[in-house]
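**Q** Quick one: structure below, then a few questions.
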Amino acid sequence: MDYQTLKGTHDLIGVDMELYEACEEEFKTIAKKFSYMPISTPTIEMSELFLRSVGGGSDIVRKEMYSFLDKGGRNISLRPEHTASIIRAFVNAKLYATAHLPYKVYYLGPAFRYERPQKGRLREFIQFGVESIGVSNVEEDIDVILLAYEIFLSFHIPTKLKINYLGSDESRANYMEALKVYVAPKLDSMCADCKERYEKNPLRMLDCKVKEDQEILKDAPKLKDYLSEEDKAKFRRILNMLDNLSIDYEVDENLVRGLDYYSGVVFEIYAEDNLSLGALLAGGHYDHLVEQLGGPSLSSVGFSLGVDRFVMYLKSEMKLDELAFSPLAYVIPIGEDETVRSYALFVRYYLSTIASIETDIALNTKSVSSAMKYASKNKIKYAILVGEEEEKERIIQVKDLESQSQRAMNLEQFCELLDEGEHHCCHHDDEGEEHHCCHDEEDEENHAHHCCCHHHKDE
RNA sequence: GCGAAUGUGGUGAAGUGGUUAACACAACCGGCUGUGAACCGGUCAUUCGCGGGUUCAACUCCCGUCGUUCGCCCCA
């Protein structure tokens with residue numbers, strides 16, 4: 001009997017996991033630089049929370065939640081997104097009374113939706129995101145967009161930013177009324193989904209994918225014509241500021257988010273050279289969630305990024321061998337003698353700790369030649385050979401596998417050699433800018449934090 | 001929820017209604033027992049996702065099932 005992972009879930013192994021980790025570290029680093037603090041909430045919540053926040057009319061809640069009754073008969077759901085939980089936590093802890101506003105947090109963790117898996121879509125997927133709770137003007141919205149933008153810049157991903165403005169409740173209510181009036185006579189000829197949306201969430205008709213429906217909706221009233229003067233001014237202000245900041249965007253009047261709580265500006269970011277992957281990041285401004293969940297009336301803004309999609313994009317842009325991580329040095333004991341083997345263990349221990357470099361040791365290969373072959377195939381730079389002679393004299397044979405030169409030295413001398421050639425520790429320095437090497441070379445000051453090379457990431 | 005494609009070793013994959021299931025890569029062993037190339041020799045699928053049916057005979061035909069992938073819906 002083979003056990004498989006559940007549909008829409010996967011194991012992360014080897015370089016895949018390394019890539020996830022590297023990305024996640026970078027996301028966190030950027031969020032911290034923008035003064036966001038980490039937060040973590042439970043994976044399971046009362047189903048009611050999502051019904052209230054995400055919206056009973058949304059597909060996410062209607063048909064995609066993992067819900068079940070627990071042994072006490074409570075209706076529980078795996079979170080389909082993080083925002084509701086975070087606002088709930090914010091309200092529970094009464095942070096609106098004690099914290100400095102806006103309260104800025106970032107999160108990273110799995111969310112679950114019961115969907116048909118396909119490209120860039122999983123049932124358990126990782127989201128990274130931020131929420132800025134208690135904002136009072138549109139500049140806060142821009143600040144969040146800039147943070148989102150920086151993530152893509154940092155990974156050298158060409159972006160396409162789509163943006164729209166949903167407006168206040170009154171504006172939207174008026175607009176929906178007008179939309180329904182316009183659609184009503186043509187409703188019979190539209191798709192079944194649209195008929196349902198007409199009743200439950202008319203806004204969603206706008207991004208219907210059916211050709212005929214798109215034709216019908218082409219001449220529908222526009223949301224922007226129903227925005228209040230105040231909303232229009234805010235949207236104009238946002239676009240002007242984006243212009244001032246030289247951020248490219250595309251206003252997409254059909255951009256409507258699937259979560260019901262959004263009200264002001266909404267946006268999505270795509271990788272410009274891979275639009276078919278779908279939005280890598282999406283978010284927006286929402287006015288009533290805090291109040292709905294029992295807090296005061298506070299506006300917020302946030303986004304969430306699909307880590308799996310993000311990594312999938314990076315992988316599609318990378319050659320596989322660029323991803324191979326391997327140790328810098330490989331300690332090879334010669335012979336089975338126990339003094340030699342323990343000396344080899346000591347050398348490995350010394351190099352991994354005191355010299356602080358990535359080191360592995362060949363303990364289960366019988367022949368030196370197979371160990372050398374392994375080192376060579378895996379692009380390990382130094383083979384460290386230790387045998388009886390070396391053990392007696394407390395030295396090591398250091399063979400540089402690139403230059404093929406071999407020298408006997410003691411451990412301190414080897415450390416000096418490593419210090420001389422700083423760049424040795426990063427295997428791909430020579431190739432220049434890699435996608436996974438997330439920052440510019442010129443970025444001297446922060447280089448250590450961002451270098452893809454993990455040999456000195458703790459510095 | 002709907003539609004389409006697909007499922008042969010660690011990987012990439014040939015294959016025919018009839019019996020040793022190609023070939024390539026990777027891995028491992030040996031030639032070279034203290035040193036990475038190349039080369040040479042050897043090992044590596046009693047089994048073709050799973051269950052059932054047709055047949056003297058099925059990896060190959062039929063039905064079902066499960067998985068994977070892609071599209072729609074929806075979304076990150």
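Lettering and numbering for the structure tokens are positional, with chains as A, B, ... in the shown order, residues counted from 1 in each chain, and ligands counted from 1 in the shown order.
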Can you pull out every residue from range 142-219 of chain A that DSSP, working from the backbone, puts in strand (DSSP E or B), and format the result as a list in words?

**A**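 Checking each residue of range 142-219 of chain A, the strand (DSSP E or B) ones are Thr159, Lys160, Leu161, Lys162, Ile163, Asn164 and Tyr165 of chain A.
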
**Q** Taking only C-alpha atoms (C1' of nucleotides) into account and nothing else, which residues of chain B lie no more than 9 Å away from chain A? Please answer as a list of chain:residue names.

**A**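 Result, ordered by chain then number: B:U33, B:G34, B:U35, B:G36, B:G67, B:U69, B:C70, B:C72, B:C73, B:C74, B:C75, B:A76.
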
**Q** Can I get the selection written as a short mmCIF file (atom, residue, chain, number, x, y, z; two decimals), in the first residue's frame, with C-alpha atoms (C1' of nucleotides)?

**A**
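Dumped to selection_28.cif:
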```
data_model
loop_
_atom_site.label_atom_id
_atom_site.label_comp_id
_atom_site.auth_asym_id
_atom_site.auth_seq_id
_atom_site.Cartn_x
_atom_site.Cartn_y
_atom_site.Cartn_z
"C1'" U B 33 42.04 -1.54 -2.10
"C1'" G B 34 45.40 7.16 -0.20
"C1'" U B 35 42.34 10.81 -4.72
"C1'" G B 36 37.70 13.42 -9.10
"C1'" G B 67 -3.72 9.57 -8.96
"C1'" U B 69 -1.66 17.50 -15.44
"C1'" C B 70 -4.32 21.23 -18.07
"C1'" C B 72 -13.67 26.37 -17.11
"C1'" C B 73 -15.67 28.25 -12.53
"C1'" C B 74 -13.28 30.66 -8.54
"C1'" C B 75 -8.95 32.51 -6.57
"C1'" A B 76 -3.17 33.45 -4.05
#
```

**Q** Skip Ala233 in chain A itself and residues of its chain fewer than 3 positions away, then list as a VMD selection string all residues within 12 Å of it, counting only C-alpha atoms (C1' of nucleotides).

**A** chain A and resid 137 to 138 165 167 224 227 to 230 236 to 240 264

**Q** Run DSSP on the backbone of this structure and report the residues of range 13-146 of chain A it assigns to helix (DSSP H, G or I), as an NGL selection string.

**A** :A and (15-33 or 47-55 or 59-63 or 83-92 or 95-98 or 138-146)

**Q** With C-alpha atoms kept, could you save the residues just selected as a PDB file, in the first residue's frame?

**A**
```pdb
ATOM      1  CA  VAL A  15      16.065  22.484  -3.303  1.00  0.00           C
ATOM      2  CA  ASP A  16      12.321  23.138  -3.393  1.00  0.00           C
ATOM      3  CA  MET A  17      12.251  23.655   0.336  1.00  0.00           C
ATOM      4  CA  GLU A  18      15.425  25.706   0.202  1.00  0.00           C
ATOM      5  CA  LEU A  19      13.773  27.985  -2.320  1.00  0.00           C
ATOM      6  CA  TYR A  20      10.684  28.396  -0.180  1.00  0.00           C
ATOM      7  CA  GLU A  21      12.786  29.198   2.826  1.00  0.00           C
ATOM      8  CA  ALA A  22      14.933  31.680   0.974  1.00  0.00           C
ATOM      9  CA  CYS A  23      11.852  33.470  -0.347  1.00  0.00           C
ATOM     10  CA  GLU A  24      10.100  33.491   2.982  1.00  0.00           C
ATOM     11  CA  GLU A  25      13.154  34.936   4.691  1.00  0.00           C
ATOM     12  CA  GLU A  26      13.286  37.684   2.124  1.00  0.00           C
ATOM     13  CA  PHE A  27       9.570  38.495   2.505  1.00  0.00           C
ATOM     14  CA  LYS A  28       9.964  38.767   6.254  1.00  0.00           C
ATOM     15  CA  THR A  29      13.060  40.882   5.967  1.00  0.00           C
ATOM     16  CA  ILE A  30      11.290  43.340   3.698  1.00  0.00           C
ATOM     17  CA  ALA A  31       8.198  43.489   5.895  1.00  0.00           C
ATOM     18  CA  LYS A  32      10.344  44.193   8.934  1.00  0.00           C
ATOM     19  CA  LYS A  33      12.089  46.993   7.104  1.00  0.00           C
ATOM     20  CA  SER A  47     -16.783  28.755  10.621  1.00  0.00           C
ATOM     21  CA  GLU A  48     -18.936  31.704  11.577  1.00  0.00           C
ATOM     22  CA  LEU A  49     -15.899  33.989  11.504  1.00  0.00           C
ATOM     23  CA  PHE A  50     -15.378  33.470   7.794  1.00  0.00           C
ATOM     24  CA  LEU A  51     -19.068  33.618   7.020  1.00  0.00           C
ATOM     25  CA  ARG A  52     -19.151  37.055   8.605  1.00  0.00           C
ATOM     26  CA  SER A  53     -15.953  38.429   7.173  1.00  0.00           C
ATOM     27  CA  VAL A  54     -15.111  36.843   3.853  1.00  0.00           C
ATOM     28  CA  GLY A  55     -18.812  36.803   3.076  1.00  0.00           C
ATOM     29  CA  ASP A  59     -17.505  31.173  -3.491  1.00  0.00           C
ATOM     30  CA  ILE A  60     -14.706  30.776  -1.012  1.00  0.00           C
ATOM     31  CA  VAL A  61     -17.122  30.400   1.845  1.00  0.00           C
ATOM     32  CA  ARG A  62     -19.997  28.836  -0.068  1.00  0.00           C
ATOM     33  CA  LYS A  63     -18.157  25.921  -1.565  1.00  0.00           C
ATOM     34  CA  THR A  83      -7.132  38.436   7.193  1.00  0.00           C
ATOM     35  CA  ALA A  84     -10.273  37.500   9.104  1.00  0.00           C
ATOM     36  CA  SER A  85      -8.272  35.726  11.798  1.00  0.00           C
ATOM     37  CA  ILE A  86      -5.895  38.599  12.170  1.00  0.00           C
ATOM     38  CA  ILE A  87      -8.633  41.152  12.577  1.00  0.00           C
ATOM     39  CA  ARG A  88     -10.312  38.811  15.043  1.00  0.00           C
ATOM     40  CA  ALA A  89      -7.076  38.579  17.015  1.00  0.00           C
ATOM     41  CA  PHE A  90      -6.695  42.351  16.898  1.00  0.00           C
ATOM     42  CA  VAL A  91     -10.180  42.811  18.286  1.00  0.00           C
ATOM     43  CA  ASN A  92      -9.857  40.043  20.895  1.00  0.00           C
ATOM     44  CA  LEU A  95      -5.346  46.386  20.437  1.00  0.00           C
ATOM     45  CA  TYR A  96      -7.503  49.180  19.088  1.00  0.00           C
ATOM     46  CA  ALA A  97      -7.376  50.618  22.597  1.00  0.00           C
ATOM     47  CA  THR A  98      -3.726  50.113  23.432  1.00  0.00           C
ATOM     48  CA  VAL A 138      -5.020  56.790   1.119  1.00  0.00           C
ATOM     49  CA  GLU A 139      -1.311  57.353   1.596  1.00  0.00           C
ATOM     50  CA  GLU A 140      -1.373  54.282   3.818  1.00  0.00           C
ATOM     51  CA  ASP A 141      -2.762  52.337   0.883  1.00  0.00           C
ATOM     52  CA  ILE A 142       0.101  53.513  -1.271  1.00  0.00           C
ATOM     53  CA  ASP A 143       2.617  52.576   1.376  1.00  0.00           C
ATOM     54  CA  VAL A 144       1.307  49.011   1.333  1.00  0.00           C
ATOM     55  CA  ILE A 145       1.424  48.907  -2.454  1.00  0.00           C
ATOM     56  CA  LEU A 146       5.024  50.089  -2.293  1.00  0.00           C
TER      57      LEU A 146
END
```

**Q** Residues near U65 in chain B, anyone? I mean within 12 Å using only C-alpha atoms (C1' of nucleotides), not counting same-chain ones fewer than 6 positions away, as a list in words.

**A**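 Once the adjacent positions are removed, what remains is G49, C50, G51 and G52 of chain B.
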
**Q** What's the 12 Å shell around Val347 in chain A, counting only C-alpha atoms (C1' of nucleotides), without same-chain residues fewer than 2 positions away, as a PyMOL selection string?

**A** chain A and resi 329-333+340-345+349-355+357+359-361+384-387+390-391+394-398+410-412+414-415
